[in-house]
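> Following this line is entry-v6.cif, made up of mmCIF, C-alpha atoms:
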data_query
loop_
_atom_site.group_PDB
_atom_site.id
_atom_site.type_symbol
_atom_site.label_atom_id
_atom_site.label_comp_id
_atom_site.auth_asym_id
_atom_site.auth_seq_id
_atom_site.Cartn_x
_atom_site.Cartn_y
_atom_site.Cartn_z
ATOM 1 C CA MET A 2 0.000 0.000 0.000
ATOM 2 C CA ILE A 3 1.003 3.600 -0.478
ATOM 3 C CA ILE A 4 1.189 5.475 2.817
ATOM 4 C CA GLN A 5 -1.165 8.442 2.676
ATOM 5 C CA LYS A 6 0.123 12.008 2.730
ATOM 6 C CA ASP A 7 -1.319 12.679 6.164
ATOM 7 C CA LYS A 8 0.581 9.669 7.598
ATOM 8 C CA ARG A 9 3.832 10.284 5.666
ATOM 9 C CA ARG A 10 5.691 12.340 8.245
ATOM 10 C CA GLU A 11 4.798 10.050 11.151
ATOM 11 C CA LYS A 12 5.815 6.933 9.214
ATOM 12 C CA LEU A 13 9.144 8.390 8.089
ATOM 13 C CA ILE A 14 10.039 9.580 11.598
ATOM 14 C CA GLU A 15 9.198 6.110 12.903
ATOM 15 C CA TYR A 16 11.904 4.734 10.584
ATOM 16 C CA GLY A 17 14.576 7.248 11.561
ATOM 17 C CA VAL A 18 14.048 10.219 9.262
ATOM 18 C CA ILE A 19 14.704 13.332 11.299
ATOM 19 C CA PRO A 20 12.040 16.054 11.453
ATOM 20 C CA ALA A 21 14.468 18.831 10.428
ATOM 21 C CA PHE A 22 15.135 17.017 7.133
ATOM 22 C CA LEU A 23 11.417 16.671 6.447
ATOM 23 C CA ASP A 24 10.934 20.349 7.306
ATOM 24 C CA ALA A 25 13.548 21.220 4.664
ATOM 25 C CA ILE A 26 11.846 19.040 2.036
ATOM 26 C CA ASP A 27 8.487 20.538 2.865
ATOM 27 C CA ASN A 28 9.852 24.127 2.840
ATOM 28 C CA THR A 29 12.605 24.186 0.214
ATOM 29 C CA GLY A 30 12.303 27.941 -0.312
ATOM 30 C CA GLU A 31 14.023 28.500 3.026
ATOM 31 C CA TYR A 32 17.276 27.083 1.610
ATOM 32 C CA GLN A 33 19.414 28.552 -1.148
ATOM 33 C CA ASP A 34 18.876 26.635 -4.430
ATOM 34 C CA LEU A 35 17.222 23.661 -2.718
ATOM 35 C CA GLU A 36 13.933 24.092 -4.590
ATOM 36 C CA PHE A 37 15.774 23.391 -7.848
ATOM 37 C CA ILE A 38 16.945 19.920 -6.845
ATOM 38 C CA VAL A 39 14.239 18.558 -4.568
ATOM 39 C CA LYS A 40 10.489 18.791 -4.087
ATOM 40 C CA TYR A 41 7.792 17.605 -1.754
ATOM 41 C CA PRO A 42 6.671 14.267 -3.266
ATOM 42 C CA ASP A 43 3.375 15.372 -4.823
ATOM 43 C CA GLY A 44 4.402 13.759 -8.119
ATOM 44 C CA ALA A 45 5.203 10.517 -6.339
ATOM 45 C CA TYR A 46 1.703 10.394 -4.918
ATOM 46 C CA TRP A 47 0.276 11.114 -8.341
ATOM 47 C CA TYR A 48 2.291 8.432 -10.181
ATOM 48 C CA LEU A 49 2.486 5.749 -7.504
ATOM 49 C CA GLU A 50 -1.217 4.997 -7.741
ATOM 50 C CA ASP A 51 -0.704 3.895 -11.352
ATOM 51 C CA ILE A 52 2.643 2.120 -11.092
ATOM 52 C CA TYR A 53 2.378 0.510 -7.647
ATOM 53 C CA PRO A 54 0.445 -2.560 -8.840
ATOM 54 C CA SER A 55 2.855 -3.334 -11.680
ATOM 55 C CA TYR A 56 6.346 -2.417 -10.386
ATOM 56 C CA SER A 57 8.157 -5.432 -8.980
ATOM 57 C CA ILE A 58 10.347 -3.226 -6.748
ATOM 58 C CA PHE A 59 7.262 -2.506 -4.626
ATOM 59 C CA LYS A 60 6.049 -6.100 -4.205
ATOM 60 C CA GLY A 61 5.599 -6.907 -0.527
ATOM 61 C CA TYR A 62 6.256 -3.356 0.663
ATOM 62 C CA ASP A 63 4.392 -0.332 1.859
ATOM 63 C CA VAL A 64 5.706 2.719 0.005
ATOM 64 C CA THR A 65 6.184 6.046 1.769
ATOM 65 C CA PRO A 66 7.321 8.905 -0.476
ATOM 66 C CA ILE A 67 10.128 10.985 1.011
ATOM 67 C CA TYR A 68 10.958 13.461 -1.758
ATOM 68 C CA GLU A 69 11.316 13.747 -5.498
ATOM 69 C CA GLY A 70 14.030 15.165 -7.675
ATOM 70 C CA GLY A 71 13.701 18.640 -9.146
ATOM 71 C CA ASN A 72 12.502 17.322 -12.521
ATOM 72 C CA GLY A 73 9.761 15.234 -10.915
ATOM 73 C CA ASP A 74 10.846 11.954 -12.473
ATOM 74 C CA THR A 75 13.062 10.534 -9.737
ATOM 75 C CA PHE A 76 11.716 9.504 -6.366
ATOM 76 C CA TYR A 77 13.138 8.654 -2.977
ATOM 77 C CA VAL A 78 10.883 6.436 -0.919
ATOM 78 C CA LEU A 79 10.825 4.241 2.134
ATOM 79 C CA LEU A 80 9.929 0.627 1.352
ATOM 80 C CA SER A 81 8.800 -1.134 4.516
ATOM 81 C CA ASN A 82 7.115 -4.271 5.745
ATOM 82 C CA ASN A 83 7.143 -6.283 8.978
ATOM 83 C CA GLU A 84 10.667 -7.605 8.342
ATOM 84 C CA GLU A 85 12.607 -4.694 6.872
ATOM 85 C CA ALA A 86 12.798 -1.070 5.863
ATOM 86 C CA ARG A 87 14.786 0.269 2.917
ATOM 87 C CA PHE A 88 15.396 3.788 1.723
ATOM 88 C CA VAL A 89 15.592 3.670 -2.070
ATOM 89 C CA HIS A 90 15.824 5.866 -5.155
ATOM 90 C CA PHE A 91 14.099 4.956 -8.408
ATOM 91 C CA GLU A 92 13.084 6.653 -11.643
ATOM 92 C CA LEU A 93 9.563 6.870 -12.927
ATOM 93 C CA GLU A 94 10.056 5.094 -16.232
ATOM 94 C CA ASN A 95 11.951 2.111 -14.835
ATOM 95 C CA ASP A 96 10.955 -0.687 -12.484
ATOM 96 C CA GLU A 97 14.441 -0.634 -11.005
ATOM 97 C CA ILE A 98 16.099 0.600 -7.842
ATOM 98 C CA TYR A 99 19.018 2.919 -8.632
ATOM 99 C CA ASN A 100 20.252 3.471 -5.099
ATOM 100 C CA ASP A 101 19.438 1.224 -2.165
ATOM 101 C CA TYR A 102 20.514 2.773 1.122
ATOM 102 C CA GLY A 103 19.191 -0.120 3.171
ATOM 103 C CA SER A 104 17.695 0.874 6.487
ATOM 104 C CA ASP A 105 20.190 3.723 6.921
ATOM 105 C CA PHE A 106 18.467 7.091 6.551
ATOM 106 C CA TRP A 107 21.783 8.837 7.226
ATOM 107 C CA LEU A 108 23.372 7.210 4.180
ATOM 108 C CA MET A 109 20.567 8.587 2.024
ATOM 109 C CA PHE A 110 20.927 11.959 3.763
ATOM 110 C CA VAL A 111 24.674 12.163 2.990
ATOM 111 C CA ASP A 112 23.944 11.320 -0.658
ATOM 112 C CA PHE A 113 21.266 14.020 -0.667
ATOM 113 C CA LEU A 114 23.725 16.585 0.728
ATOM 114 C CA ILE A 115 26.374 15.627 -1.834
ATOM 115 C CA GLY A 116 23.798 16.282 -4.557
ATOM 116 C CA TYR A 117 22.972 19.617 -2.936
ATOM 117 C CA TYR A 118 26.660 20.530 -2.888
ATOM 118 C CA GLU A 119 27.061 19.585 -6.546
ATOM 119 C CA PHE A 120 24.112 21.688 -7.654
ATOM 120 C CA ALA A 121 24.626 24.739 -5.433
ATOM 121 C CA ASP A 122 28.107 25.346 -6.799
ATOM 122 C CA GLU A 123 27.830 29.108 -6.342
ATOM 123 C CA SER A 124 26.986 28.771 -2.665
ATOM 124 C CA SER A 125 29.786 29.141 -0.168
ATOM 125 C CA ILE A 126 30.858 26.233 1.992
ATOM 126 C CA ASP A 127 29.731 28.281 4.994
ATOM 127 C CA ALA A 128 26.247 28.733 3.514
ATOM 128 C CA LEU A 129 25.998 25.026 2.644
ATOM 129 C CA THR A 130 27.204 24.101 6.124
ATOM 130 C CA GLU A 131 24.588 26.347 7.690
ATOM 131 C CA SER A 132 21.883 24.757 5.528
ATOM 132 C CA GLY A 133 23.092 21.244 6.363
ATOM 133 C CA LEU A 134 23.052 22.018 10.072
ATOM 134 C CA LYS A 135 19.568 23.516 9.803
ATOM 135 C CA MET A 136 18.445 20.299 8.078
ATOM 136 C CA GLY A 137 19.776 18.349 11.046
ATOM 137 C CA PHE A 138 23.096 17.049 9.734
ATOM 138 C CA PRO A 139 25.672 17.617 12.521
ATOM 139 C CA LYS A 140 28.733 16.799 10.366
ATOM 140 C CA SER A 141 27.901 19.327 7.663
ATOM 141 C CA ALA A 142 31.128 21.320 7.998
ATOM 142 C CA ASP A 143 33.238 18.176 7.672
ATOM 143 C CA LEU A 144 31.249 16.846 4.717
ATOM 144 C CA PHE A 145 31.235 20.049 2.678
ATOM 145 C CA SER A 146 34.880 20.843 3.426
ATOM 146 C CA SER A 147 35.836 17.330 2.391
ATOM 147 C CA LEU A 148 33.860 17.632 -0.845
ATOM 148 C CA GLU A 149 35.456 20.980 -1.627
ATOM 149 C CA SER A 150 38.933 19.594 -0.956
ATOM 150 C CA ALA A 151 38.292 16.503 -3.079
ATOM 151 C CA ASP A 152 37.083 18.665 -5.954
ATOM 152 C CA LYS A 153 40.071 21.018 -5.716
ATOM 153 C CA ASN A 154 42.391 18.006 -5.833
ATOM 154 C CA GLY A 155 40.600 16.333 -8.753
ATOM 155 C CA LEU A 156 39.450 13.352 -6.695
ATOM 156 C CA ARG A 157 35.862 13.510 -8.009
ATOM 157 C CA ASN A 158 36.363 14.671 -11.606
ATOM 158 C CA THR A 159 34.899 11.572 -13.256
ATOM 159 C CA PHE A 160 32.099 9.162 -12.465
ATOM 160 C CA ASP A 161 34.617 6.493 -11.455
ATOM 161 C CA LEU A 162 36.628 8.879 -9.275
ATOM 162 C CA ASP A 163 33.459 10.130 -7.592
ATOM 163 C CA LYS A 164 32.337 6.559 -6.937
ATOM 164 C CA LYS A 165 35.736 5.734 -5.439
ATOM 165 C CA TRP A 166 35.692 8.892 -3.290
ATOM 166 C CA ARG A 167 32.229 8.027 -1.985
ATOM 167 C CA GLU A 168 33.231 4.443 -1.181
ATOM 168 C CA GLU A 169 36.281 5.664 0.731
ATOM 169 C CA ASN A 170 34.746 8.646 2.493
ATOM 170 C CA VAL A 171 30.990 8.597 2.988
ATOM 171 C CA HIS A 172 31.183 6.287 6.009
ATOM 172 C CA LYS A 173 33.149 9.027 7.845
ATOM 173 C CA PHE A 174 30.064 11.185 7.931
ATOM 174 C CA LEU A 175 27.540 8.612 9.155
#
For the file at hand, write its structure as structure tokens.


Amino acid sequence: MIIQKDKRREKLIEYGVIPAFLDAIDNTGEYQDLEFIVKYPDGAYWYLEDIYPSYSIFKGYDVTPIYEGGNGDTFYVLLSNNEEARFVHFELENDEIYNDYGSDFWLMFVDFLIGYYEFADESSIDALTESGLKMGFPKSADLFSSLESADKNGLRNTFDLDKKWREENVHKFL
């Protein structure tokens, strides 16, 4: 089943999503450039009704929308049942999970903040840190400084280098 909008926040908090993060998603205009990369999941609620019965990635799970990408075609959701909970990212046109963060909200949150950093390239590290802290991420200064340093040193210049950097560094911020 798809968790209704009025139960979304309660369900997500139950599975470890922090309220400050949900406040940011629900009020993106309070953060510099955030409204261009993330939205409240209205589109997810619209599309899930049609695709839920046929997408194999949803079989056996309740689906709770968390947020959607700025273009409205990528979705981050909580898949949950009595045995497990998984934070996942999928795209509208494909019955496929692109990122599976397991039951670790913080892993999804770090990935979210990396995406924010990549998009808000004209924002200062101080401004990004302030936004990250406001969203409830206590290691914001370390994360954004590390990203800036990696970029200055060419450690994330390609897809493969970025993947390697993430594998070697993301765990430091969890």

> Please evaluate the PyMOL selection byres ((chain A and resi 50) around 12) against the displayed coordinates and give the resulting residues as a ChimeraX atom specification.

/A:2-5,43-49,51-56,59,64,66

> Can you list, as a short mmCIF file (atom, residue, chain, number, x, y, z; two decimals) with C-alpha atoms, keeping the file's coordinate frame, every protein, DNA or RNA residue that comes within 10 Å of Asn83 (chain A) when you count all atoms listed in the file, leaving out same-chain residues fewer than 3 positions away?


data_model
loop_
_atom_site.label_atom_id
_atom_site.label_comp_id
_atom_site.auth_asym_id
_atom_site.auth_seq_id
_atom_site.Cartn_x
_atom_site.Cartn_y
_atom_site.Cartn_z
CA GLY A 61 5.60 -6.91 -0.53
CA TYR A 62 6.26 -3.36 0.66
CA ASP A 63 4.39 -0.33 1.86
CA ALA A 86 12.80 -1.07 5.86
#

> As a count of residues only, please: the residues near Gly30 (chain A) (cut-off 12 Å, all atoms listed in the file, same-chain neighbours under 4 positions excluded).

12

> Give me, as JSON lines, the closest atom pair and its distance (Å, one decimal) for every residue of region 123-170 of chain A within a cut-off of 7 Å of region 19-22 of chain A, counting only C-alpha atoms, rows sorted by chain and rising number.


{"residue": "A:Lys135", "atom": "CA", "partner": "A:Ala21", "partner_atom": "CA", "distance": 7.0}
{"residue": "A:Met136", "atom": "CA", "partner": "A:Phe22", "partner_atom": "CA", "distance": 4.8}
{"residue": "A:Gly137", "atom": "CA", "partner": "A:Ala21", "partner_atom": "CA", "distance": 5.4}

> Which residues fall under the PyMOL selection byres ((chain A and resi 110) around 10) in this file, as JSON, numbers by chain?

{"A": [18, 19, 22, 102, 105, 106, 107, 108, 109, 111, 112, 113, 114, 115, 116, 133, 136, 137, 138, 175]}

> Starting from the PyMOL selection byres ((chain A and resi 79) around 8), expand the selection into actual residues of this file and give them as a PyMOL selection string.

chain A and resi 13+63-67+77-78+80-81+86-89

> For Phe76 (chain A), which residue among A:Tyr99, A:Lys60, A:Lys8, A:Ser124 is the nearest when counting all atoms listed in the file?

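Selected residue with least distance to Phe76 (chain A): A:Tyr99.
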
> In Å, rounded to a single decimal, give me how far CA of Phe145 (chain A) is from CA of Ile126 (chain A).

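Value for the CA of Ile126 (chain A)-CA of Phe145 (chain A) distance: 6.2 Å.
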
> What is the CA of Gly71 (chain A)-CA of Lys153 (chain A) distance in Å, reported with one decimal?

26.7 Å

> Given 3 Å of margin on each side, can you work out the centre and size in Å (one decimal) of an axis-aligned box holding every listed atom of region 84-92 of chain A, as AutoDock Vina command-line options?


--center_x 13.2 --center_y -0.5 --center_z -1.7 --size_x 11.2 --size_y 20.3 --size_z 26.0

> Hey, can you check how far CA of Leu162 (chain A) sits from CA of Leu148 (chain A)?

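So the answer is 12.5 Å.
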
> Counting only C-alpha atoms, figure out which residue out of A:Asp101, A:Asp143, A:Glu119, A:Asp27 gets nearest to Arg157 (chain A).

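So, comparing all the options, the nearest one is A:Glu119.
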
> From the set A:Ile58, A:Lys6, A:Lys173, A:Tyr68, which residue has the shortest atom-to-atom contact distance to Leu23 (chain A), counting only C-alpha atoms?

A:Tyr68

> Check the smallest atom-to-atom distance from each of A:Thr75, A:Leu156, A:Glu123, A:Glu69 to Ile98 (chain A) using only C-alpha atoms, then report the winner.

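For Ile98 (chain A), the nearest of the candidates is A:Thr75.
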
> With distances taken over only C-alpha atoms, which of A:Glu11, A:Glu92, A:Asp163, A:Asp122 is nearest to Ala151 (chain A)?

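Of the candidates, the smallest distance to Ala151 (chain A) is held by A:Asp163.
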